[in-house]
Amino acid sequence: MLSRKLSFDLLESWLRRNPDIVGLKRDGVSVFRELALFQDYHGLPAFKNELVDFMSKIRGNRIKFESEKLVLTAGATPANEILMFCLADPGDAFILPTPYYPGFDRDLKWRTGVEIVPMHCSSSNGFRITSSALEQAYQQAQKQNLNVKGVLVTNPSNPLGITMTKTELNHLVNFAIDKGIHIISDEIYSGTVFDSPKFVSIMEVVNDRSFDNNATILNRIHVVYSLSKDLGVPGFRVGMIYSNNEIVVAAATKMSSFGLVSSQTQYLLANLLSDKKFTLKYMEETQRRLKRRKEMLVSGLRNAGIRCLESNAGLFCWVDMRHLLSSVSFEAEKEVWKRILYEVGFNISPGSSCHCSEPGWFRMCFANMSEDTLQVAMKRMKAFTDSTKVSAVNGSSNNCMQRQSLTGANYSTLGGGGSIAKWISSCEL
């Protein structure tokens with residue numbers, strides 16, 4: 001699981017200053033019994049009100065969200081799956097721009113029977129969405145006799161670490177209107193934007209436009225959000241669906257009963273989010289730390305002769321290592337990935353796992369480790385690229401002495417826990 005730890009100190013400081021909240025008390029009186037009893041699966045009103053207010057603030061208060069249009073889920077994973085169940089039948093399809101989060105192959109398909117149609121984006125324009133690429137994906141689905149029910153995007157993008165432009169979002173809206181389909185905008189990284197341009201939600205773009213059928217397109221736009229990335233608390237399992245479609249909200253609310261957010265979690269987070277001074281400071285400081293950590297990664301990789309896609313959000317960078325491939329193939333990409341995992345001890349994601357159509361791109365996370373660990377990782381990457389250059393000159397990429405000098409004693413794996421074997425097998429699935 002991709003998570004970040006760089007702002008735990010701020011959250012822990014707030015918890016120490018608010019022992020009554022942690023102890024499930026209100027004005028010194030225990031609310032344990034109240035919270036321990038069965039709660040309506042619509043969620044605690046106080047929490048839902050604070051959550052929509054927090055979402056609005058992240059978007060510069062340019063959009064106002066209404067709590068009655070929000071459905072709580074145990075994280076973004078069930079939120080996306082529930083929307084698949086609500087909007088599509090088994091065998092129907094959703095278009096997803098590539099590269100996309102590898103977990104969507106599980107979240108959207110396994111239990112719903114929905115198919116994913118990749119919309120291949122290119123490095124030639126920074127992997128941006130175009131009208132022609134959307135149409136090409138749609139026509140490909142038609143050839144496969146797939147009924148396209150919608151498009152799902154992540155904004156900001158995982159794995160690209162970029163926010164969508166208004167031009168891209170308008171392409172998306174126009175396409176949805178033309179085809180009569182839905183848009184799901186997964187915006188779980190909206191609060192991680194640490195550099196310009198600012199984050200623009202799909203809801204803002206629609207609200208800024210005038211349509212003859214404005215109500216119709218609004219009913220086909222659905223937002224997924226979570227506190228896992230913006231607050232850095234994935235273990236709390238707090239996600240949500242926001243939709244103007246009353247039928248979707250009603251159906252999703254019923255389905256959410258299979259994965260509720262505990263009353264205790266809602267109570268704690270309602271109080272935390274109600275502390276406006278703290279949440280403002282927290283988001284500003286977290287974004288500052290993310291920017292610094294990203295700059296460390298980019299600088300370290302540049303020193304190793306590796307470039308990154310210019311990014312402004314997220315917990316990761318999209319890294320270009322095409323020049324390190326022995327051939328323009330995904331097999332060569334896999335070999336580079338294995339060497340970095342085994343020799344460098346750095347756990348990264350190959351672009352093929354994200355369905356990237358171009359071999360040689362990798363996702364590297366920078367927010368799930370300390371600065372000291374990141375510096376060690378960058379030193380190892382420099383040693384790795386230097387050894388690769390020497391190997392290329394000598395015509396032997398498998399020189400034993402070079403591999404020993406790079407790996408030395410047993411390197412621990414950076415960038416994620418678990419055994420190397422586990423990550424090998426998960427990538428090869």
# chains A, B, ... in the order shown; residues from 1 in each chain; ligands from 1
>>> residues_around(residues="segment 97-106 of chain A", least_positions_apart="4", cutoff="8 Å", atoms="only C-alpha atoms", output="number ranges by chain")
A: 110, 116, 118-121, 127, 129, 152-154, 157-160, 351, 353-357
>>> atom_distance(atom1="atom CA of Lys69 of chain A", atom2="atom CA of Val249 of chain A")
6.5 Å
>>> select_by_dssp(residues="segment 124-169 of chain A", states="alpha helix (DSSP H)", output="list in words")
Ser131, Ser132, Ala133, Leu134, Glu135, Gln136, Ala137, Tyr138, Gln139, Gln140, Ala141, Gln142, Lys143, Lys166, Thr167, Glu168 and Leu169 of chain A
>>> residues_around(residues="segment 361-373 of chain A", least_positions_apart="5", cutoff="6 Å", atoms="only C-alpha atoms", output="ChimeraX atom specification")
/A:3-5,315-321,348-351
>>> residues_around(residues="Thr73 of chain A", least_positions_apart="6", cutoff="6 Å", atoms="only C-alpha atoms", output="list in words")
Ala79, Gly239, Met240, Ser256 and Leu260 of chain A
>>> residues_around(residues="Lys379 of chain A", least_positions_apart="2", cutoff="10 Å", atoms="only C-alpha atoms", output="ChimeraX atom specification")
/A:300-301,303-304,344,373-377,381-384
>>> write_last_selection(atoms="all heavy atoms", output="CSV table (one decimal), in the first residue's frame")
chain,number,residue,atom,x,y,z
A,300,GLY,N,18.4,13.9,-7.0
A,300,GLY,CA,19.2,12.7,-6.9
A,300,GLY,C,19.2,11.9,-8.2
A,300,GLY,O,20.3,11.4,-8.6
A,301,LEU,N,18.1,11.8,-8.8
A,301,LEU,CA,18.0,11.0,-10.1
A,301,LEU,C,18.7,11.8,-11.2
A,301,LEU,O,19.4,11.2,-12.0
A,301,LEU,CB,16.6,10.8,-10.4
A,301,LEU,CG,15.8,9.8,-9.5
A,301,LEU,CD1,14.3,9.8,-9.9
A,301,LEU,CD2,16.4,8.4,-9.6
A,303,ASN,N,21.3,13.6,-10.8
A,303,ASN,CA,22.7,13.4,-10.6
A,303,ASN,C,23.1,12.0,-11.2
A,303,ASN,O,24.3,11.8,-11.5
A,303,ASN,CB,23.0,13.5,-9.1
A,303,ASN,CG,24.5,13.4,-8.8
A,303,ASN,OD1,25.3,14.1,-9.5
A,303,ASN,ND2,24.9,12.6,-7.8
A,304,ALA,N,22.2,11.1,-11.2
A,304,ALA,CA,22.4,9.7,-11.8
A,304,ALA,C,22.1,9.7,-13.2
A,304,ALA,O,22.2,8.6,-13.8
A,304,ALA,CB,21.6,8.7,-11.0
A,344,VAL,N,20.1,-2.6,-6.1
A,344,VAL,CA,20.0,-1.4,-5.4
A,344,VAL,C,19.2,-1.5,-4.1
A,344,VAL,O,19.4,-0.8,-3.1
A,344,VAL,CB,19.3,-0.3,-6.3
A,344,VAL,CG1,19.2,1.0,-5.7
A,344,VAL,CG2,20.1,-0.2,-7.6
A,373,THR,N,16.8,7.9,4.4
A,373,THR,CA,16.7,6.8,3.5
A,373,THR,C,16.6,7.1,2.1
A,373,THR,O,17.2,6.5,1.2
A,373,THR,CB,15.4,6.0,3.9
A,373,THR,OG1,15.4,5.6,5.3
A,373,THR,CG2,15.2,4.7,3.1
A,374,LEU,N,15.9,8.2,1.8
A,374,LEU,CA,15.9,8.7,0.4
A,374,LEU,C,17.3,9.1,-0.2
A,374,LEU,O,17.6,8.8,-1.3
A,374,LEU,CB,14.9,9.9,0.2
A,374,LEU,CG,14.7,10.5,-1.2
A,374,LEU,CD1,14.2,9.4,-2.1
A,374,LEU,CD2,13.7,11.6,-1.1
A,375,GLN,N,18.1,9.7,0.7
A,375,GLN,CA,19.4,10.0,0.3
A,375,GLN,C,20.3,8.8,0.0
A,375,GLN,O,21.0,8.7,-1.0
A,375,GLN,CB,20.1,10.9,1.3
A,375,GLN,CG,19.6,12.3,1.4
A,375,GLN,CD,20.1,13.1,2.6
A,375,GLN,OE1,20.7,12.5,3.5
A,375,GLN,NE2,19.8,14.4,2.6
A,376,VAL,N,20.1,7.8,0.8
A,376,VAL,CA,20.8,6.5,0.6
A,376,VAL,C,20.3,5.9,-0.7
A,376,VAL,O,21.2,5.4,-1.5
A,376,VAL,CB,20.5,5.5,1.7
A,376,VAL,CG1,21.1,4.1,1.4
A,376,VAL,CG2,21.2,6.0,3.0
A,377,ALA,N,19.0,5.9,-1.0
A,377,ALA,CA,18.5,5.4,-2.2
A,377,ALA,C,19.1,6.1,-3.5
A,377,ALA,O,19.4,5.5,-4.5
A,377,ALA,CB,17.0,5.5,-2.2
A,381,MET,N,21.3,4.6,-6.5
A,381,MET,CA,20.9,4.8,-7.9
A,381,MET,C,22.0,5.3,-8.8
A,381,MET,O,22.2,4.9,-9.9
A,381,MET,CB,19.6,5.7,-8.0
A,381,MET,CG,18.3,5.0,-7.6
A,381,MET,SD,17.9,3.5,-8.6
A,381,MET,CE,17.7,4.2,-10.2
A,382,LYS,N,22.8,6.2,-8.2
A,382,LYS,CA,23.9,6.8,-8.9
A,382,LYS,C,25.0,5.7,-9.1
A,382,LYS,O,25.5,5.6,-10.2
A,382,LYS,CB,24.6,7.9,-8.0
A,382,LYS,CG,25.8,8.5,-8.6
A,382,LYS,CD,25.5,9.3,-9.9
A,382,LYS,CE,26.6,10.2,-10.3
A,382,LYS,NZ,27.9,9.6,-10.6
A,383,ALA,N,25.2,4.9,-8.1
A,383,ALA,CA,26.2,3.8,-8.3
A,383,ALA,C,25.7,2.8,-9.3
A,383,ALA,O,26.4,2.2,-10.1
A,383,ALA,CB,26.4,3.0,-6.9
A,384,PHE,N,24.3,2.6,-9.3
A,384,PHE,CA,23.7,1.6,-10.3
A,384,PHE,C,23.9,2.1,-11.7
A,384,PHE,O,24.3,1.4,-12.6
A,384,PHE,CB,22.3,1.4,-10.0
A,384,PHE,CG,21.5,0.7,-11.1
A,384,PHE,CD1,21.6,-0.7,-11.2
A,384,PHE,CD2,20.6,1.4,-11.9
A,384,PHE,CE1,21.0,-1.4,-12.2
A,384,PHE,CE2,19.9,0.7,-12.9
A,384,PHE,CZ,20.1,-0.7,-13.0
>>> closest_residue(among="A:Thr385, A:Gln140, A:Val151, A:Phe199", to="Arg302 of chain A", atoms="only C-alpha atoms")
A:Thr385
>>> residues_around(residues="Gly180 of chain A", least_positions_apart="5", cutoff="12 Å", atoms="only C-alpha atoms", output="list of chain:residue names")
A:Asn147, A:Val148, A:Lys149, A:Gly150, A:Val151, A:Leu172, A:Val173, A:Asn174, A:Phe175, A:Asn213, A:Thr216, A:Ile217, A:Leu218, A:Asn219, A:Arg220, A:Ile221
>>> write_last_selection(atoms="C-alpha atoms", output="JSON list (two decimals), in the first residue's frame")
[["chain", "number", "residue", "atom", "x", "y", "z"],
["A", 147, "ASN", "CA", -20.69, -1.29, -24.23],
["A", 148, "VAL", "CA", -18.78, 1.71, -22.83],
["A", 149, "LYS", "CA", -20.54, 3.12, -19.75],
["A", 150, "GLY", "CA", -18.00, 5.75, -18.77],
["A", 151, "VAL", "CA", -14.48, 7.07, -18.30],
["A", 172, "LEU", "CA", -13.59, 14.67, -21.00],
["A", 173, "VAL", "CA", -16.89, 16.48, -20.42],
["A", 174, "ASN", "CA", -17.49, 16.99, -24.14],
["A", 175, "PHE", "CA", -16.76, 13.33, -24.79],
["A", 213, "ASN", "CA", -28.61, 19.69, -20.62],
["A", 216, "THR", "CA", -28.11, 15.60, -17.33],
["A", 217, "ILE", "CA", -24.32, 15.83, -17.40],
["A", 218, "LEU", "CA", -24.18, 16.66, -13.67],
["A", 219, "ASN", "CA", -26.10, 13.44, -12.98],
["A", 220, "ARG", "CA", -23.40, 11.50, -14.83],
["A", 221, "ILE", "CA", -20.38, 12.91, -12.97]]
>>> closest_residue(among="A:Glu187, A:Asn271, A:Asn80, A:Tyr282", to="Lys25 of chain A", atoms="only C-alpha atoms")
A:Asn271
>>> closest_residue(among="A:His182, A:Lys276, A:Arg289, A:Arg33", to="Ser243 of chain A", atoms="only C-alpha atoms")
A:His182
>>> closest_residue(among="A:Thr279, A:Asn155, A:Gln144, A:Gln39", to="Ser257 of chain A", atoms="only C-alpha atoms")
A:Gln39
>>> residues_around(residues="Ala36 of chain A", least_positions_apart="6", cutoff="12 Å", atoms="only C-alpha atoms", output="list of chain:residue names")
A:Leu24, A:Ser30, A:Ser262, A:Ser263, A:Gln264, A:Thr265, A:Gln266, A:Tyr267
>>> select_by_dssp(residues="segment 80-302 of chain A", states="strand (DSSP E)", output="ChimeraX atom specification")
/A:93-98,115-120,148-154,182-186,221-226,239-243
>>> write_last_selection(atoms="N, CA and C atoms", output="compact mmCIF listing (two decimals), in the first residue's frame")
# COMPACT_ATOMS: atom_id res chain seq x y z
N ALA A 93 -18.05 -1.76 -20.09
CA ALA A 93 -16.66 -1.30 -20.01
C ALA A 93 -16.54 0.14 -19.56
N PHE A 94 -15.39 0.45 -18.96
CA PHE A 94 -14.98 1.81 -18.64
C PHE A 94 -13.64 2.09 -19.31
N ILE A 95 -13.49 3.28 -19.85
CA ILE A 95 -12.23 3.71 -20.44
C ILE A 95 -11.36 4.33 -19.36
N LEU A 96 -10.08 3.91 -19.31
CA LEU A 96 -9.12 4.47 -18.36
C LEU A 96 -7.88 4.95 -19.11
N PRO A 97 -7.47 6.21 -18.91
CA PRO A 97 -6.22 6.68 -19.52
C PRO A 97 -5.03 5.96 -18.90
N THR A 98 -4.06 5.59 -19.75
CA THR A 98 -2.84 4.96 -19.26
C THR A 98 -1.72 5.99 -19.24
N GLU A 115 -15.21 -4.55 -17.73
CA GLU A 115 -13.97 -4.57 -18.50
C GLU A 115 -13.34 -3.17 -18.52
N ILE A 116 -12.01 -3.14 -18.58
CA ILE A 116 -11.28 -1.88 -18.71
C ILE A 116 -10.75 -1.76 -20.14
N VAL A 117 -11.04 -0.62 -20.76
CA VAL A 117 -10.50 -0.31 -22.08
C VAL A 117 -9.43 0.76 -21.90
N PRO A 118 -8.15 0.43 -22.14
CA PRO A 118 -7.08 1.43 -21.95
C PRO A 118 -7.11 2.51 -23.03
N MET A 119 -6.96 3.76 -22.59
CA MET A 119 -6.79 4.87 -23.52
C MET A 119 -5.31 5.25 -23.45
N HIS A 120 -4.55 4.91 -24.47
CA HIS A 120 -3.10 5.05 -24.40
C HIS A 120 -2.67 6.49 -24.60
N VAL A 148 -19.51 0.78 -23.68
CA VAL A 148 -18.78 1.71 -22.83
C VAL A 148 -19.78 2.51 -21.98
N LYS A 149 -19.64 2.40 -20.66
CA LYS A 149 -20.54 3.12 -19.75
C LYS A 149 -19.92 4.39 -19.18
N GLY A 150 -18.60 4.54 -19.31
CA GLY A 150 -18.00 5.75 -18.77
C GLY A 150 -16.50 5.78 -18.89
N VAL A 151 -15.93 6.87 -18.38
CA VAL A 151 -14.48 7.07 -18.30
C VAL A 151 -14.12 7.31 -16.85
N LEU A 152 -13.06 6.67 -16.38
CA LEU A 152 -12.57 6.90 -15.02
C LEU A 152 -11.17 7.51 -15.11
N VAL A 153 -10.97 8.63 -14.42
CA VAL A 153 -9.66 9.27 -14.37
C VAL A 153 -9.25 9.47 -12.93
N THR A 154 -7.94 9.54 -12.70
CA THR A 154 -7.42 9.95 -11.39
C THR A 154 -6.83 11.34 -11.56
N HIS A 182 -20.87 8.16 -18.43
CA HIS A 182 -20.53 8.71 -17.11
C HIS A 182 -19.05 9.09 -17.03
N ILE A 183 -18.74 9.93 -16.04
CA ILE A 183 -17.35 10.25 -15.69
C ILE A 183 -17.19 9.98 -14.20
N ILE A 184 -16.17 9.19 -13.85
CA ILE A 184 -15.76 9.02 -12.46
C ILE A 184 -14.42 9.70 -12.30
N SER A 185 -14.35 10.67 -11.39
CA SER A 185 -13.10 11.37 -11.13
C SER A 185 -12.60 10.98 -9.74
N ASP A 186 -11.53 10.19 -9.72
CA ASP A 186 -10.91 9.76 -8.46
C ASP A 186 -9.96 10.87 -8.03
N ILE A 221 -21.73 12.65 -13.48
CA ILE A 221 -20.38 12.91 -12.97
C ILE A 221 -20.33 12.53 -11.49
N HIS A 222 -19.35 11.71 -11.14
CA HIS A 222 -19.24 11.18 -9.78
C HIS A 222 -17.80 11.32 -9.31
N VAL A 223 -17.63 11.78 -8.08
CA VAL A 223 -16.30 12.01 -7.51
C VAL A 223 -16.03 10.99 -6.41
N VAL A 224 -14.83 10.43 -6.44
CA VAL A 224 -14.36 9.54 -5.36
C VAL A 224 -13.30 10.29 -4.57
N TYR A 225 -13.38 10.20 -3.25
CA TYR A 225 -12.40 10.89 -2.40
C TYR A 225 -12.08 10.01 -1.20
N SER A 226 -10.99 10.31 -0.54
CA SER A 226 -10.53 9.53 0.61
C SER A 226 -9.62 10.41 1.46
N GLY A 239 -13.32 6.62 3.01
CA GLY A 239 -13.48 7.07 1.64
C GLY A 239 -14.90 7.54 1.43
N MET A 240 -15.20 8.00 0.21
CA MET A 240 -16.55 8.49 -0.06
C MET A 240 -16.81 8.60 -1.55
N ILE A 241 -18.09 8.59 -1.87
CA ILE A 241 -18.58 8.86 -3.21
C ILE A 241 -19.40 10.14 -3.12
N TYR A 242 -19.19 11.04 -4.08
CA TYR A 242 -20.03 12.24 -4.16
C TYR A 242 -20.69 12.26 -5.52
N SER A 243 -22.02 12.40 -5.53
CA SER A 243 -22.76 12.37 -6.79
C SER A 243 -24.02 13.22 -6.69
>>> closest_atom_pairs(of="segment 132-234 of chain A", to="segment 54-63 of chain A", cutoff="8 Å", atoms="only C-alpha atoms", output="Markdown table")
| residue | atom | partner | partner_atom | distance |
| --- | --- | --- | --- | --- |
| A:Ser190 | CA | A:Ile58 | CA | 7.1 |
| A:Gly191 | CA | A:Ile58 | CA | 5.8 |
| A:Phe199 | CA | A:Arg59 | CA | 6.9 |
| A:Val200 | CA | A:Arg59 | CA | 7.1 |
| A:Ser201 | CA | A:Arg59 | CA | 7.4 |
| A:Met203 | CA | A:Ile63 | CA | 7.3 |
| A:Glu204 | CA | A:Ile63 | CA | 6.2 |
>>> closest_residue(among="A:Leu273, A:Cys308, A:Ala88, A:Met378", to="Leu11 of chain A", atoms="only C-alpha atoms")
A:Leu273
>>> closest_residue(among="A:Tyr41, A:Val248, A:Lys281, A:Ser132", to="Ile82 of chain A", atoms="only C-alpha atoms")
A:Val248
